[in-house]
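Text of the file coords08.txt, holding compact mmCIF, C-alpha atoms:
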# COMPACT_ATOMS: atom_id res chain seq x y z
CA MET U 1 1.11 16.13 71.84
CA SER U 2 1.32 17.01 68.16
CA PRO U 3 -1.70 16.30 65.94
CA ALA U 4 -1.50 13.49 63.41
CA LYS U 5 -0.50 14.52 59.95
CA ARG U 6 -3.30 14.59 57.41
CA PRO U 7 -2.58 12.54 54.25
CA ALA U 8 -1.91 14.50 51.07
CA PRO U 9 -4.76 14.66 48.57
CA ASP U 10 -4.53 12.78 45.31
CA PRO U 11 -4.30 14.62 41.95
CA ALA U 12 -8.12 14.85 41.85
CA GLY U 13 -8.18 16.68 45.19
CA HIS U 14 -9.60 13.81 47.26
CA VAL U 15 -8.08 12.37 50.36
CA PRO U 16 -8.22 8.60 50.27
CA ALA U 17 -9.92 6.83 53.11
CA GLY U 18 -7.67 5.32 55.73
CA GLY U 19 -5.08 8.01 55.24
CA ARG U 20 -3.26 6.25 52.37
CA ALA U 21 -2.85 7.85 48.97
CA THR U 22 -3.43 5.83 45.85
CA PRO U 23 -0.17 5.62 43.92
CA VAL U 24 -0.33 6.89 40.37
CA THR U 25 1.73 5.18 37.69
CA GLN U 26 2.45 6.16 34.12
CA ASP U 27 -0.49 4.07 32.92
CA GLY U 28 -2.92 5.51 35.45
CA PRO U 29 -3.94 4.84 39.04
CA ASP U 30 -2.78 1.52 40.44
CA THR U 31 -6.06 -0.24 41.25
CA ARG U 32 -6.28 -2.88 43.94
CA GLY U 33 -6.13 -6.35 42.41
CA GLY U 34 -5.44 -4.94 38.95
CA GLY U 35 -2.86 -6.02 36.45
CA ALA U 36 0.80 -5.18 36.51
CA GLY U 37 1.77 -1.59 35.92
CA GLY U 38 -1.68 -0.28 36.76
CA ARG U 39 -3.39 -2.01 33.82
CA ALA U 40 -6.88 -3.37 34.15
CA PRO U 41 -7.20 -7.12 34.74
CA GLY U 42 -6.94 -9.05 31.49
CA TYR U 43 -5.61 -6.12 29.46
CA ALA U 44 -2.79 -7.04 27.06
CA PRO U 45 -1.54 -4.36 24.63
CA GLY U 46 -0.40 -7.03 22.18
CA ARG U 47 -3.93 -8.35 21.77
CA THR U 48 -5.63 -5.06 20.93
CA LEU U 49 -6.92 -4.41 17.39
CA PRO U 50 -6.31 -7.89 15.92
CA LEU U 51 -5.41 -8.08 12.25
CA ARG U 52 -8.52 -10.13 11.55
CA VAL U 53 -10.73 -7.33 12.85
CA GLU U 54 -8.95 -4.71 10.77
CA PHE U 55 -9.06 -6.90 7.65
CA VAL U 56 -12.82 -7.31 7.98
CA ARG U 57 -13.37 -3.61 8.70
CA GLN U 58 -11.48 -2.57 5.58
CA LEU U 59 -13.06 -5.28 3.43
CA ARG U 60 -16.57 -4.12 4.24
CA ARG U 61 -15.86 -0.57 3.13
CA ARG U 62 -17.37 0.48 -0.17
CA ARG U 63 -14.15 1.90 -1.55
CA THR U 64 -12.46 -1.52 -1.15
CA MET U 65 -15.21 -3.35 -3.01
CA ALA U 66 -15.40 -0.65 -5.68
CA MET U 67 -11.65 -0.66 -6.31
CA PHE U 68 -11.41 -4.43 -6.61
CA GLY U 69 -14.46 -4.37 -8.86
CA VAL U 70 -12.69 -1.97 -11.21
CA LEU U 71 -9.47 -4.02 -11.15
CA LEU U 72 -11.32 -7.24 -11.94
CA ALA U 73 -13.45 -5.68 -14.68
CA LEU U 74 -10.69 -3.80 -16.53
CA PRO U 75 -9.14 -6.84 -18.30
CA TRP U 76 -12.55 -7.85 -19.65
CA VAL U 77 -13.18 -4.30 -20.83
CA LEU U 78 -9.87 -4.40 -22.68
CA VAL U 79 -10.80 -7.75 -24.24
CA VAL U 80 -14.07 -6.28 -25.51
CA ALA U 81 -12.19 -3.25 -26.85
CA PHE U 82 -9.77 -5.47 -28.80
CA GLN U 83 -12.50 -7.80 -30.04
CA PHE U 84 -14.93 -5.20 -31.30
CA GLY U 85 -12.69 -2.20 -31.87
CA PRO U 86 -11.06 -1.40 -35.21
CA ALA U 87 -7.91 -3.36 -35.97
CA GLY U 88 -4.91 -1.18 -35.22
CA ARG U 89 -2.07 -3.60 -35.79
CA GLY U 90 0.04 -2.64 -38.72
CA GLN U 91 2.38 -4.87 -40.64
CA GLY U 92 5.61 -5.39 -38.80
CA SER U 93 4.40 -3.46 -35.76
CA LEU U 94 6.13 -4.66 -32.62
CA ARG U 95 4.62 -2.35 -30.05
CA LEU U 96 3.29 -3.92 -26.88
CA SER U 97 -0.20 -2.64 -27.59
CA ASP U 98 -0.21 -4.20 -31.06
CA LEU U 99 1.01 -7.54 -29.70
CA ALA U 100 -1.60 -7.68 -26.92
CA THR U 101 -3.81 -10.10 -28.85
CA ALA U 102 -0.96 -12.53 -29.59
CA GLY U 103 -1.81 -14.58 -26.50
CA GLY U 104 -2.69 -14.54 -22.84
CA LEU U 105 0.78 -13.59 -21.63
CA ASN U 106 1.10 -10.76 -24.12
CA PHE U 107 -2.30 -9.47 -23.08
CA ALA U 108 -1.41 -9.64 -19.37
CA ALA U 109 1.83 -7.74 -20.00
CA PHE U 110 -0.10 -5.08 -21.91
CA ALA U 111 -2.74 -4.75 -19.16
CA LEU U 112 -0.03 -4.35 -16.53
CA SER U 113 1.84 -1.74 -18.55
CA VAL U 114 -1.22 0.48 -19.12
CA SER U 115 -2.40 0.28 -15.51
CA ALA U 116 0.85 0.43 -13.53
CA ASN U 117 1.36 4.17 -13.92
CA PHE U 118 -2.10 5.30 -12.83
CA LEU U 119 -4.77 2.74 -11.87
CA LEU U 120 -2.51 0.69 -9.61
CA VAL U 121 -1.06 3.90 -8.19
CA VAL U 122 -4.54 5.10 -7.27
CA ALA U 123 -5.41 1.72 -5.73
CA VAL U 124 -2.29 1.59 -3.55
CA ALA U 125 -2.64 5.25 -2.56
CA LEU U 126 -6.28 4.66 -1.65
CA PHE U 127 -5.62 1.68 0.61
CA CYS U 128 -2.59 3.25 2.36
CA GLY U 129 -3.68 6.89 2.40
CA ASP U 130 -7.22 6.34 3.63
CA THR U 131 -6.45 3.93 6.46
CA VAL U 132 -5.59 6.43 9.26
CA ALA U 133 -6.96 9.66 7.80
CA SER U 134 -10.45 8.20 7.55
CA GLU U 135 -10.39 7.31 11.26
CA ALA U 136 -9.40 10.88 12.05
CA SER U 137 -12.11 12.31 9.80
CA TRP U 138 -14.75 10.14 11.52
CA SER U 139 -13.38 11.20 14.96
CA SER U 140 -12.94 7.53 15.80
CA LEU U 141 -9.13 7.65 16.01
CA ARG U 142 -9.18 9.05 19.54
CA TYR U 143 -11.53 6.28 20.66
CA LEU U 144 -9.29 3.59 19.19
CA LEU U 145 -6.39 4.98 21.19
CA ALA U 146 -8.58 5.23 24.28
CA ALA U 147 -9.46 1.52 24.01
CA PRO U 148 -6.50 1.67 24.73
CA VAL U 149 -4.55 0.57 21.65
CA PRO U 150 -0.85 1.54 21.76
CA ARG U 151 -0.03 4.02 19.02
CA ASP U 152 2.75 1.96 17.45
CA ARG U 153 0.56 -1.14 17.40
CA LEU U 154 -2.39 0.71 15.88
CA LEU U 155 -0.18 2.12 13.16
CA ARG U 156 1.53 -1.21 12.52
CA GLN U 157 -1.76 -3.10 12.25
CA LYS U 158 -3.19 -0.58 9.83
CA LEU U 159 -0.03 -0.57 7.73
CA VAL U 160 0.04 -4.37 7.48
CA VAL U 161 -3.59 -4.49 6.38
CA ALA U 162 -3.14 -1.62 3.92
CA LEU U 163 -0.09 -3.27 2.35
CA ALA U 164 -1.93 -6.58 2.15
CA TYR U 165 -4.81 -5.03 0.23
CA SER U 166 -2.32 -3.13 -1.96
CA ALA U 167 -0.51 -6.38 -2.76
CA ALA U 168 -3.81 -8.01 -3.61
CA ALA U 169 -4.70 -5.11 -5.91
CA VAL U 170 -1.37 -5.25 -7.76
CA THR U 171 -1.60 -9.03 -8.08
CA VAL U 172 -5.24 -9.50 -9.03
CA LEU U 173 -5.10 -7.27 -12.12
CA PRO U 174 -2.39 -9.12 -14.09
CA LEU U 175 -3.75 -12.50 -13.00
CA MET U 176 -7.24 -11.61 -14.18
CA ALA U 177 -5.74 -10.21 -17.38
CA LEU U 178 -3.88 -13.49 -17.88
CA LEU U 179 -7.12 -15.42 -17.49
CA ALA U 180 -9.11 -13.09 -19.74
CA GLY U 181 -6.39 -12.97 -22.39
CA THR U 182 -6.00 -16.75 -22.44
CA LEU U 183 -9.74 -17.30 -22.85
CA ALA U 184 -10.02 -14.64 -25.54
CA PHE U 185 -6.76 -15.04 -27.49
CA GLY U 186 -5.45 -18.47 -26.51
CA TRP U 187 -2.44 -19.76 -24.62
CA ASN U 188 0.33 -18.94 -27.08
CA ASP U 189 4.03 -18.28 -26.88
CA ILE U 190 4.93 -14.69 -26.04
CA THR U 191 6.13 -12.29 -28.71
CA VAL U 192 8.75 -9.89 -27.37
CA PRO U 193 7.94 -6.22 -28.14
CA GLY U 194 10.57 -4.42 -30.17
CA THR U 195 12.46 -7.49 -31.41
CA GLY U 196 9.59 -9.78 -32.37
CA GLU U 197 11.31 -12.84 -30.96
CA VAL U 198 9.08 -15.64 -29.77
CA ILE U 199 9.64 -17.28 -26.37
CA PRO U 200 7.82 -20.43 -25.21
CA ALA U 201 5.06 -19.64 -22.75
CA ALA U 202 6.35 -22.25 -20.28
CA ASP U 203 9.66 -20.35 -20.07
CA VAL U 204 7.98 -16.97 -19.59
CA LEU U 205 5.48 -17.94 -16.91
CA PRO U 206 8.05 -18.03 -14.04
CA LYS U 207 9.41 -14.68 -15.24
CA PHE U 208 5.91 -13.26 -15.17
CA ALA U 209 5.74 -14.05 -11.45
CA VAL U 210 8.93 -12.02 -11.02
CA VAL U 211 7.32 -9.19 -13.01
CA ILE U 212 4.30 -9.10 -10.68
CA GLY U 213 6.57 -9.10 -7.65
CA TYR U 214 8.58 -6.22 -9.06
CA ALA U 215 5.43 -4.26 -9.84
CA LEU U 216 4.44 -4.68 -6.20
CA VAL U 217 7.82 -3.48 -4.90
CA SER U 218 7.79 -0.48 -7.23
CA GLN U 219 4.51 0.65 -5.64
CA LEU U 220 6.01 0.72 -2.14
CA VAL U 221 6.98 4.37 -2.52
CA VAL U 222 3.39 5.30 -3.31
CA ALA U 223 2.23 3.31 -0.29
CA ALA U 224 4.77 4.94 2.02
CA VAL U 225 4.00 8.49 0.87
CA ALA U 226 0.26 7.93 1.20
CA PHE U 227 0.74 6.42 4.66
CA LEU U 228 2.92 9.32 5.82
CA LEU U 229 0.33 11.83 4.66
CA SER U 230 -2.45 9.77 6.21
CA VAL U 231 -1.03 10.02 9.75
CA GLY U 232 -0.77 13.80 9.50
CA THR U 233 -4.18 14.77 8.14
CA ASP U 234 -7.86 14.07 8.68
CA SER U 235 -8.55 14.35 4.95
CA PRO U 236 -8.33 10.96 3.17
CA LEU U 237 -8.63 12.68 -0.21
CA GLY U 238 -5.61 14.83 0.61
CA ALA U 239 -3.49 11.82 1.53
CA VAL U 240 -4.48 9.89 -1.59
CA GLY U 241 -4.12 12.91 -3.85
CA GLY U 242 -0.72 13.77 -2.42
CA ALA U 243 0.65 10.31 -3.21
CA VAL U 244 -0.78 10.37 -6.74
CA GLY U 245 0.59 13.88 -7.22
CA LEU U 246 4.07 12.69 -6.27
CA VAL U 247 3.94 10.07 -9.04
CA ILE U 248 2.79 12.68 -11.56
CA VAL U 249 5.58 15.10 -10.61
CA SER U 250 8.16 12.31 -10.68
CA SER U 251 6.98 11.23 -14.14
CA ILE U 252 7.29 14.79 -15.41
CA LEU U 253 10.82 15.17 -14.03
CA GLN U 254 11.69 11.80 -15.51
CA ALA U 255 11.10 13.23 -18.99
CA VAL U 256 13.58 16.09 -18.38
CA GLU U 257 16.75 14.77 -19.97
CA ALA U 258 18.74 17.73 -18.64
CA LEU U 259 18.70 16.07 -15.22
CA GLY U 260 20.91 13.32 -16.58
CA SER U 261 21.73 10.51 -14.17
CA LEU U 262 19.85 12.26 -11.36
CA ARG U 263 16.65 10.88 -12.87
CA GLU U 264 17.69 7.41 -11.71
CA PHE U 265 16.89 8.47 -8.14
CA LEU U 266 13.30 9.37 -9.00
CA PRO U 267 10.81 6.86 -7.57
CA THR U 268 9.21 6.21 -10.98
CA PHE U 269 12.32 5.98 -13.16
CA TRP U 270 12.66 2.18 -12.95
CA ASN U 271 8.95 1.32 -13.05
CA ALA U 272 9.16 -0.13 -16.57
CA ALA U 273 12.33 -2.14 -15.91
CA TRP U 274 10.24 -5.32 -15.68
CA LEU U 275 10.06 -5.42 -19.48
CA ASP U 276 13.72 -6.51 -19.49
CA ALA U 277 12.74 -9.67 -17.61
CA LEU U 278 10.62 -10.86 -20.54
CA ALA U 279 13.48 -10.64 -23.06
CA PRO U 280 15.04 -13.85 -24.46
CA GLU U 281 18.11 -13.02 -22.37
CA PRO U 282 16.65 -11.29 -19.32
CA ASP U 283 18.50 -8.36 -17.80
CA TYR U 284 17.69 -7.79 -14.13
CA SER U 285 20.11 -4.94 -13.46
CA GLY U 286 17.44 -2.27 -13.89
CA MET U 287 15.06 -4.15 -11.63
CA VAL U 288 17.72 -4.45 -8.92
CA LYS U 289 18.28 -0.69 -9.01
CA GLY U 290 14.55 -0.08 -8.95
CA VAL U 291 14.11 -2.32 -5.89
CA ALA U 292 16.94 -0.53 -4.08
CA VAL U 293 15.46 2.91 -4.76
CA SER U 294 11.92 1.88 -3.86
CA VAL U 295 12.83 0.08 -0.63
CA THR U 296 15.08 2.92 0.53
CA TYR U 297 12.42 5.57 0.01
CA SER U 298 9.69 3.47 1.61
CA VAL U 299 11.70 2.58 4.74
CA VAL U 300 12.57 6.22 5.39
CA LEU U 301 9.02 7.44 4.79
CA VAL U 302 7.41 4.76 6.98
CA ALA U 303 9.86 5.57 9.78
CA LEU U 304 8.87 9.24 9.51
CA ALA U 305 5.22 8.24 9.65
CA PHE U 306 5.70 6.37 12.94
CA ARG U 307 7.74 9.22 14.39
CA ARG U 308 5.12 11.77 13.42
CA PHE U 309 2.20 9.73 14.75
CA ARG U 310 3.84 9.28 18.15
CA ARG U 311 3.88 13.05 18.58
CA ARG U 312 0.55 13.81 16.98
CA ASP U 313 -2.29 15.35 18.98
CA VAL U 314 -5.27 13.17 18.11
CA VAL U 315 -7.64 14.94 20.50
CA SER U 316 -7.83 18.27 18.70

Would you mind writing the file out in structure tokens?
Amino acid sequence: MSPAKRPAPDPAGHVPAGGRATPVTQDGPDTRGGGAGGRAPGYAPGRTLPLRVEFVRQLRRRRTMAMFGVLLALPWVLVVAFQFGPAGRGQGSLRLSDLATAGGLNFAAFALSVSANFLLVVAVALFCGDTVASEASWSSLRYLLAAPVPRDRLLRQKLVVALAYSAAAVTVLPLMALLAGTLAFGWNDITVPGTGEVIPAADVLPKFAVVIGYALVSQLVVAAVAFLLSVGTDSPLGAVGGAVGLVIVSSILQAVEALGSLREFLPTFWNAAWLDALAPEPDYSGMVKGVAVSVTYSVVLVALAFRRFRRRDVVS
């Protein structure tokens, strides 16, 4: 009579009682009475890391409060500078800076123009470049994934929150500048830089909403670059600095006229196209090209970020 066969040990080297091996699935051992696919009872991947939790976590960080404090204070600093600084407006001068005190809309346009190429770039790069890299630097990224939060969901939630704060940063500055300029210089018709034509404020206000929207879209490249760098490093400063550095390099290449039409493919070439929307006869062709370039770059870079994060070793 042949002896009964002994059951094979499980991967941990233990023989289960009763001679039956515990099946192992891709999600781990299949526990008795557990959820489908070996998941623990009540576990739902789609409910991990809610947006509300991530919004609150990012809002409570000092860098978020400090950045919004700077964005809200800058228009008032500019008002003080124009009120108490020496008069710099010459006769017949039609520069945007000299027309800033002509009314609230002129002042908001000036504030947006002086901040779009650096301050707003830093704000967007900070929110999108710090979001994942900071978790890696604190060694908390591995614990978020062990919660377990699926990698794609974790990255998607963080990207949504980062873009939301970036949109708020790009929006709050011109709106605060509009409020500060109106209180300081009055609600007057807008004077178009360069031509000196006057357009009723009621006609310009809807266009100004389009301007803010375009400024937001033009910052998508900065957000995507910062996000891509954030998923590949544990240095938030490196991710933020890399995105800001890209804008600086692109601005330098933009000034090289020898590049000809190739400059139109630079991510910063169409950043000032929103000025055409404030003309008496608005021209949106430059803005359409700018949106196409910005969206194309951002989609490709975000896709690369997801691909890279799926393969990243977050343990080491």

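For the set U:Ser261, U:Ser250, U:Thr64, U:Thr233, the residue with the smallest atom-to-atom gap to Ala162 in chain U is U:Thr64, counting all atoms listed in the file.
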
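Relative to CA of Ala169 in chain U, CA of Asp203 in chain U is found at 25.3 Å.
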
Take the point (15.1, -9.0, -17.1) as written in the file and pick out every residue within 12 Å of it, counting all atoms listed in the file; give the list as a count of residues only. 24

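For Pro193 in chain U, the set of protein, DNA and RNA residues having any atom at most 12 Å away, when counting all atoms listed in the file and skipping those fewer than 5 positions along the same chain, is Gly92, Ser93, Leu94, Arg95, Leu96, Ser97, Asp98, Leu99, Ala100, Ala102, Asn106, Phe107, Ala109, Phe110, Val198, Ile199, Leu275, Asp276, Leu278, Ala279 and Pro280 of chain U.
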
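Counting from CA of Thr182 in chain U, the distance to CA of Leu105 in chain U is 7.5 Å.
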